[in-house]
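As provided, target_3.cif (mmCIF, C-alpha atoms) reads as follows.
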data_query
loop_
_atom_site.label_atom_id
_atom_site.label_comp_id
_atom_site.auth_asym_id
_atom_site.auth_seq_id
_atom_site.Cartn_x
_atom_site.Cartn_y
_atom_site.Cartn_z
CA MET T 1 22.42 130.89 30.82
CA SER T 2 18.80 131.10 31.94
CA ASN T 3 18.50 134.53 30.44
CA LEU T 4 19.98 133.27 27.22
CA PHE T 5 17.55 130.29 27.00
CA SER T 6 14.64 132.47 27.90
CA ILE T 7 15.49 134.95 25.15
CA SER T 8 16.02 132.12 22.65
CA LEU T 9 12.73 130.40 23.49
CA GLN T 10 10.89 133.70 23.13
CA LYS T 11 12.28 134.10 19.67
CA LEU T 12 11.37 130.53 18.51
CA ASP T 13 8.09 129.96 16.81
CA PRO T 14 5.74 127.17 18.02
CA ARG T 15 6.73 124.82 15.23
CA SER T 16 10.39 124.87 16.27
CA VAL T 17 9.47 124.29 19.90
CA GLY T 18 7.44 121.20 19.00
CA ALA T 19 10.30 119.80 16.97
CA ILE T 20 12.75 120.31 19.82
CA ALA T 21 10.38 118.69 22.32
CA GLY T 22 9.87 115.64 20.07
CA LEU T 23 13.61 115.24 19.64
CA ALA T 24 14.11 115.37 23.40
CA VAL T 25 11.47 112.70 24.02
CA ALA T 26 13.05 110.45 21.39
CA ILE T 27 16.50 110.86 22.97
CA ILE T 28 15.13 109.94 26.46
CA PHE T 29 13.34 106.76 25.29
CA THR T 30 16.37 105.67 23.26
CA TYR T 31 18.60 106.08 26.29
CA ARG T 32 16.27 104.06 28.56
CA PHE T 33 15.87 101.28 26.00
CA THR T 34 19.59 100.82 25.57
CA ARG T 35 20.32 100.84 29.32
CA SER T 36 17.63 98.39 30.55
CA PRO T 37 18.29 94.77 29.33
CA ALA T 38 15.36 92.78 28.12
CA PRO T 39 14.19 90.01 30.52
CA PRO T 40 15.21 86.46 29.49
CA THR T 41 12.55 84.52 27.72
CA ARG T 42 11.71 80.90 28.60
CA ARG T 43 11.28 78.30 25.93
CA GLN T 44 8.06 76.51 26.47
CA PRO T 45 8.34 72.74 25.82
CA LYS T 46 6.31 71.56 22.94
CA ARG T 47 3.35 69.53 24.00
CA GLN T 48 2.55 66.47 21.96
CA ALA T 49 -0.98 66.36 20.91
CA PRO T 50 -2.85 63.32 22.31
CA ILE T 51 -3.36 60.51 19.86
CA THR T 52 -7.00 60.23 19.18
CA SER T 53 -8.78 57.28 17.65
CA SER T 54 -9.12 59.12 14.38
CA THR T 55 -5.40 59.85 14.35
CA ALA T 56 -4.52 56.18 15.05
CA ILE T 57 -6.87 55.01 12.34
CA SER T 58 -5.43 57.45 9.85
CA THR T 59 -1.87 56.46 10.82
CA GLN T 60 -2.64 52.76 10.47
CA SER T 61 -4.32 53.35 7.16
CA ASN T 62 -1.27 55.27 5.95
CA ILE T 63 0.94 52.31 6.90
CA THR T 64 -1.16 49.52 5.49
CA LEU T 65 -2.46 51.25 2.40
CA MET T 66 0.19 50.90 -0.26
CA PRO T 67 0.09 50.94 -4.04
CA SER T 68 -0.96 47.73 -5.76
CA GLY T 69 1.86 45.28 -6.42
CA VAL T 70 3.94 46.52 -3.45
CA TYR T 71 4.11 44.61 -0.16
CA SER T 72 5.60 45.54 3.18
CA SER T 73 8.72 43.78 4.45
CA SER T 74 6.76 41.94 7.18
CA GLU T 75 4.36 40.52 4.61
CA ASP T 76 7.26 39.42 2.43
CA LEU T 77 8.87 37.65 5.38
CA ARG T 78 5.62 35.94 6.35
CA ALA T 79 5.05 34.74 2.81
CA GLN T 80 8.62 33.45 2.54
CA ASN T 81 8.30 31.52 5.83
CA THR T 82 5.07 29.94 4.66
CA PHE T 83 6.70 28.93 1.40
CA ASP T 84 9.71 27.42 3.16
CA GLU T 85 7.55 25.43 5.59
CA PHE T 86 5.38 24.08 2.81
CA PHE T 87 8.27 22.92 0.63
CA GLN T 88 10.56 21.78 3.48
CA PRO T 89 11.52 18.15 2.96
CA VAL T 90 10.07 15.70 5.45
CA LYS T 91 12.74 14.45 7.84
CA GLN T 92 13.06 10.69 7.84
CA PRO T 93 13.30 9.06 11.29
CA THR T 94 16.62 7.60 12.30
CA LEU T 95 17.15 3.87 12.70
CA GLY T 96 17.25 4.27 16.47
CA GLN T 97 13.89 6.03 16.48
CA ILE T 98 12.37 3.27 14.33
CA VAL T 99 13.68 0.55 16.65
CA ARG T 100 12.31 2.22 19.78
CA GLN T 101 8.96 2.86 18.15
CA LYS T 102 8.54 -0.70 16.87
CA LEU T 103 9.55 -2.16 20.22
CA ASN T 104 7.06 0.14 21.92
CA GLU T 105 9.80 1.46 24.22
CA GLY T 106 10.48 -2.06 25.54
CA ARG T 107 13.59 -2.15 27.73
CA LYS T 108 14.41 -5.88 27.84
CA VAL T 109 14.59 -8.20 24.81
CA THR T 110 15.43 -11.89 24.47
CA CYS T 111 16.24 -13.30 21.05
CA ARG T 112 17.10 -16.64 19.50
CA LEU T 113 20.28 -16.82 17.41
CA LEU T 114 19.56 -19.46 14.74
CA GLY T 115 17.54 -18.11 11.82
CA VAL T 116 17.39 -14.62 13.31
CA ILE T 117 20.91 -13.38 14.00
CA LEU T 118 22.86 -16.22 12.41
CA GLU T 119 22.62 -17.51 8.86
CA GLU T 120 22.64 -21.09 10.14
CA SER T 121 19.27 -22.65 10.94
CA SER T 122 20.17 -25.83 12.92
CA PRO T 123 22.40 -26.66 15.92
CA GLU T 124 24.31 -29.18 13.78
CA GLU T 125 25.60 -26.40 11.51
CA LEU T 126 27.06 -24.56 14.48
CA GLN T 127 29.48 -27.41 15.10
CA THR T 128 31.54 -26.31 12.11
CA LYS T 129 30.93 -22.54 11.85
CA ALA T 130 28.67 -19.63 12.75
CA THR T 131 27.98 -16.59 10.56
CA VAL T 132 26.24 -13.36 11.54
CA ARG T 133 23.76 -12.14 8.93
CA PRO T 134 25.06 -8.76 7.62
CA SER T 135 21.56 -7.40 7.02
CA VAL T 136 20.58 -7.73 10.68
CA LEU T 137 23.77 -6.35 12.19
CA ASP T 138 22.77 -2.67 12.18
CA VAL T 139 19.37 -3.36 13.72
CA LEU T 140 20.96 -5.59 16.35
CA LEU T 141 23.43 -2.88 17.33
CA GLU T 142 20.62 -0.35 17.70
CA ILE T 143 18.69 -2.73 19.94
CA THR T 144 21.72 -3.10 22.21
CA LYS T 145 21.88 0.71 22.61
CA PHE T 146 18.37 1.05 23.99
CA CYS T 147 17.52 -2.37 25.39
CA ASP T 148 18.89 -4.99 27.73
CA LEU T 149 19.43 -7.71 25.12
CA TYR T 150 19.96 -11.43 25.78
CA LEU T 151 20.85 -13.86 22.98
CA MET T 152 20.23 -17.57 23.44
CA GLU T 153 20.50 -20.83 21.52
CA ARG T 154 20.45 -24.58 21.83
CA VAL T 155 23.83 -26.13 21.04
CA ILE T 156 25.22 -29.67 20.86
CA ASP T 157 28.75 -29.18 22.21
CA ASP T 158 31.24 -26.64 23.54
CA GLU T 159 32.73 -26.15 20.09
CA SER T 160 29.44 -24.74 18.88
CA GLU T 161 29.46 -22.20 21.72
CA LYS T 162 32.96 -21.07 20.74
CA ASN T 163 31.93 -20.67 17.09
CA VAL T 164 28.94 -18.53 18.03
CA LEU T 165 30.88 -16.27 20.38
CA LEU T 166 33.66 -15.86 17.81
CA ALA T 167 31.19 -14.91 15.08
CA LEU T 168 29.54 -12.31 17.32
CA GLU T 169 32.91 -10.92 18.33
CA ASN T 170 34.14 -10.65 14.74
CA ALA T 171 30.92 -8.79 13.82
CA GLY T 172 31.72 -6.15 16.46
CA ILE T 173 28.67 -6.79 18.61
CA PHE T 174 30.69 -6.92 21.82
CA THR T 175 32.66 -3.76 21.01
CA SER T 176 30.28 -1.51 19.05
CA GLY T 177 27.12 -2.55 20.87
CA GLY T 178 26.24 -2.82 24.53
CA LEU T 179 26.22 -6.62 24.57
CA VAL T 180 28.56 -8.65 26.76
CA LYS T 181 29.42 -12.31 26.45
CA ASP T 182 27.67 -13.14 29.70
CA LYS T 183 24.37 -12.26 28.02
CA VAL T 184 24.80 -14.94 25.37
CA LEU T 185 23.11 -18.01 26.87
CA PHE T 186 23.35 -21.62 25.71
CA CYS T 187 21.22 -24.65 26.53
CA SER T 188 20.92 -28.25 25.34
CA THR T 189 17.13 -28.39 24.79
CA GLU T 190 14.33 -26.21 23.43
CA ASN T 191 12.69 -26.25 26.85
CA GLY T 192 15.87 -24.76 28.24
CA ARG T 193 15.38 -21.69 26.04
CA THR T 194 11.80 -21.40 27.26
CA SER T 195 13.03 -21.48 30.86
CA PHE T 196 15.57 -18.74 30.12
CA VAL T 197 12.87 -16.46 28.73
CA ARG T 198 10.47 -16.99 31.61
CA GLN T 199 13.20 -16.31 34.17
CA LEU T 200 14.33 -13.10 32.46
CA GLU T 201 10.75 -11.81 31.96
CA PRO T 202 11.50 -9.64 28.92
CA ASP T 203 9.21 -7.13 27.27
CA TRP T 204 9.91 -8.81 23.91
CA HIS T 205 10.98 -12.29 22.84
CA ILE T 206 12.04 -13.09 19.27
CA ASP T 207 11.99 -16.71 18.11
CA THR T 208 11.55 -18.95 15.07
CA ASN T 209 9.92 -21.91 16.83
CA PRO T 210 6.10 -21.52 16.80
CA GLU T 211 5.69 -23.97 19.68
CA ILE T 212 7.89 -21.91 21.98
CA VAL T 213 6.12 -18.73 20.90
CA SER T 214 2.78 -20.34 21.70
CA GLN T 215 3.96 -21.52 25.12
CA LEU T 216 5.30 -18.09 26.06
CA ALA T 217 2.25 -16.16 24.86
CA ARG T 218 0.71 -16.24 28.33
CA PHE T 219 3.82 -14.90 30.06
CA ILE T 220 5.50 -12.45 27.67
CA LYS T 221 4.05 -9.07 26.82
CA TYR T 222 5.13 -9.06 23.13
CA GLN T 223 6.68 -11.65 20.81
CA LEU T 224 7.99 -11.66 17.28
CA HIS T 225 7.76 -14.88 15.32
CA VAL T 226 10.38 -14.86 12.55
CA SER T 227 9.37 -17.17 9.71
CA PRO T 228 9.36 -17.03 5.88
CA VAL T 229 5.79 -18.29 6.04
CA LYS T 230 3.41 -15.84 7.68
CA THR T 231 1.54 -17.34 10.61
CA GLU T 232 -1.78 -15.97 11.78
CA TRP T 233 -1.81 -15.64 15.56
CA THR T 234 -5.04 -15.35 17.49
CA THR T 235 -3.47 -13.15 20.13
CA GLY T 236 -2.40 -9.60 19.36
CA LYS T 237 0.70 -10.01 21.50
CA VAL T 238 2.44 -12.08 18.81
CA LEU T 239 3.60 -10.47 15.58
CA SER T 240 5.05 -12.18 12.53
CA SER T 241 7.79 -11.15 10.09
CA PRO T 242 10.05 -12.87 7.52
CA SER T 243 13.15 -11.42 9.23
CA LEU T 244 14.17 -9.17 12.07
CA GLU T 245 15.22 -6.29 9.83
CA LYS T 246 12.00 -6.43 7.81
CA PHE T 247 10.00 -6.21 11.00
CA PHE T 248 11.51 -2.75 11.46
CA GLY T 249 10.75 -1.93 7.82
CA ILE T 250 14.40 -1.63 6.90
CA THR T 251 15.23 -2.55 3.32
CA ILE T 252 18.65 -2.21 1.71
CA ARG T 253 17.74 1.13 0.13
CA GLU T 254 16.31 2.48 3.38
CA LYS T 255 19.41 1.40 5.28
CA ILE T 256 21.64 3.33 2.86
CA TYR T 257 19.50 6.46 3.26
CA LEU T 258 19.32 6.23 7.04
CA PHE T 259 23.01 5.85 7.59
CA GLN T 260 23.87 8.60 5.11
CA ASN T 261 21.73 10.98 7.17
CA LEU T 262 22.82 10.01 10.67
#
Target encoding structure tokens, full file:
Amino acid sequence: MSNLFSISLQKLDPRSVGAIAGLAVAIIFTYRFTRSPAPPTRRQPKRQAPITSSTAISTQSNITLMPSGVYSSSEDLRAQNTFDEFFQPVKQPTLGQIVRQKLNEGRKVTCRLLGVILEESSPEELQTKATVRPSVLDVLLEITKFCDLYLMERVIDDESEKNVLLALENAGIFTSGGLVKDKVLFCSTENGRTSFVRQLEPDWHIDTNPEIVSQLARFIKYQLHVSPVKTEWTTGKVLSSPSLEKFFGITIREKIYLFQNL
């Protein structure tokens, strides 16, 4: 075989030898490339570029800058909230809130019956009947919810006491309100009512007799003088009103609105 190859190589010209050598080199490199696997390549994680001040400014400008006539959703919501707050109807206070405010959070109240709670104005009328004024009933019930209320009156006989208690019971004051019969006091003289008030030491006393109001001015923190004729009092502790319900600013129309919105 060596002799054969030697004879053959001697007969080949240089060009043929170069071609054979190039073919051999190509075959060797092809064989090595196919046999040796390529090393695995690692995927490098992408690094986020740091946010510079110029980038933040450009990003913010891209968000805020919008074509004219177009608003972002946050601006729409803010504008709608402002509109709703501006045109929201003002909530009227409840009757209970008005009572507490006018009484200056007083916790104990004494009140005369004649001319304030009852339609009758004299002890003689109570001998035949007693009638609770409908316009004062709602205010009276609210007072019993927040205050320790005592009602008192001068009467002539036991029949008058029965008529008063029956009228209060029929009006629902003992059931709907926090008043009990033991807190309805009776006496035979005007001085007896004055003694009741001084013993109880209320925050408020409500009466129609100006003399009693004047006598109690030194001892009681606040008083309400109920009279159709307005009386000017030198002390700021005494207030005046034509009726109990008007003192709280409750008219018929206001009462209807308040109780529709309770």
Which neighbours of stretch 204-212 of chain T fall inside 9 Å, counting all atoms listed in the file, when residues of the same chain fewer than 4 positions from it are skipped, and could you give them as a list in words?
Leu103, Gly106, Arg107, Lys108, Val109, Thr110, Cys111, Arg112, Leu113, Leu114, Gly115, Val116, Glu190, Asn191, Arg193, Thr194, Val197, Leu216, Ala217, Ile220, Lys221, Tyr222, Gln223, Leu224, His225, Val226, Ser227, Thr231 and Leu244 of chain T
In terms of the shortest atom-to-atom distance over all atoms listed in the file, which of T:Ala171, T:Leu166, T:Leu185, T:Leu239 is closest to T:Asp138?
T:Ala171
Smallest atom-to-atom distance to T:Pro123: which of T:Val180, T:Val155, T:Ile143, T:Ile98, using only C-alpha atoms?
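Among the listed residues, T:Val155 lies closest to T:Pro123.
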Excluding T:Lys145 and its own-chain neighbours fewer than 3 positions away, which residues fall within 9 Å of it when counting all atoms listed in the file? Please give them as a PyMOL selection string.
chain T and resi 96+140-142+148+177-179
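For the pair atom CA of T:Phe186 and atom CA of T:Thr144, the separation is 18.9 Å.
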12 Å contact set for T:Ser188, only C-alpha atoms, chain neighbours under 5 positions out, as a PDB file with C-alpha atoms, keeping the file's coordinate frame:
ATOM      1  CA  PRO T 123      22.400 -26.660  15.920  1.00  0.00           C
ATOM      2  CA  MET T 152      20.230 -17.570  23.440  1.00  0.00           C
ATOM      3  CA  GLU T 153      20.500 -20.830  21.520  1.00  0.00           C
ATOM      4  CA  ARG T 154      20.450 -24.580  21.830  1.00  0.00           C
ATOM      5  CA  VAL T 155      23.830 -26.130  21.040  1.00  0.00           C
ATOM      6  CA  ILE T 156      25.220 -29.670  20.860  1.00  0.00           C
ATOM      7  CA  ASP T 157      28.750 -29.180  22.210  1.00  0.00           C
ATOM      8  CA  ASP T 158      31.240 -26.640  23.540  1.00  0.00           C
ATOM      9  CA  SER T 160      29.440 -24.740  18.880  1.00  0.00           C
ATOM     10  CA  GLU T 161      29.460 -22.200  21.720  1.00  0.00           C
ATOM     11  CA  ARG T 193      15.380 -21.690  26.040  1.00  0.00           C
ATOM     12  CA  THR T 194      11.800 -21.400  27.260  1.00  0.00           C
ATOM     13  CA  SER T 195      13.030 -21.480  30.860  1.00  0.00           C
ATOM     14  CA  PHE T 196      15.570 -18.740  30.120  1.00  0.00           C
TER      15      PHE T 196
END
Rounded to one decimal, what separation in Å do you get between atom CA of T:Lys102 and atom CA of T:Phe248?
6.5 Å
Just the number, please: distance in Å from atom CA of T:Lys237 to atom CA of T:Arg218, one decimal.
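Going from atom CA of T:Lys237 over to atom CA of T:Arg218 covers 9.2 Å.
Proximity of T:Asn170, T:Asn163, T:Glu105, T:Ser214 to T:Leu137, computed with all atoms listed in the file, is greatest for T:Asn170.
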Nearest to T:Glu201, chosen from T:Val229, T:Val238, T:Gly172, T:Tyr150, with all atoms listed in the file counted in the distances:
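With all atoms listed in the file as the atom set, the closest residue is T:Tyr150.
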Which residues would end up in the selection if the PyMOL selection byres ((chain T and resi 134) around 10) were applied here, given that I need the answer as a PyMOL selection string?
chain T and resi 117-119+131-133+135-139+171
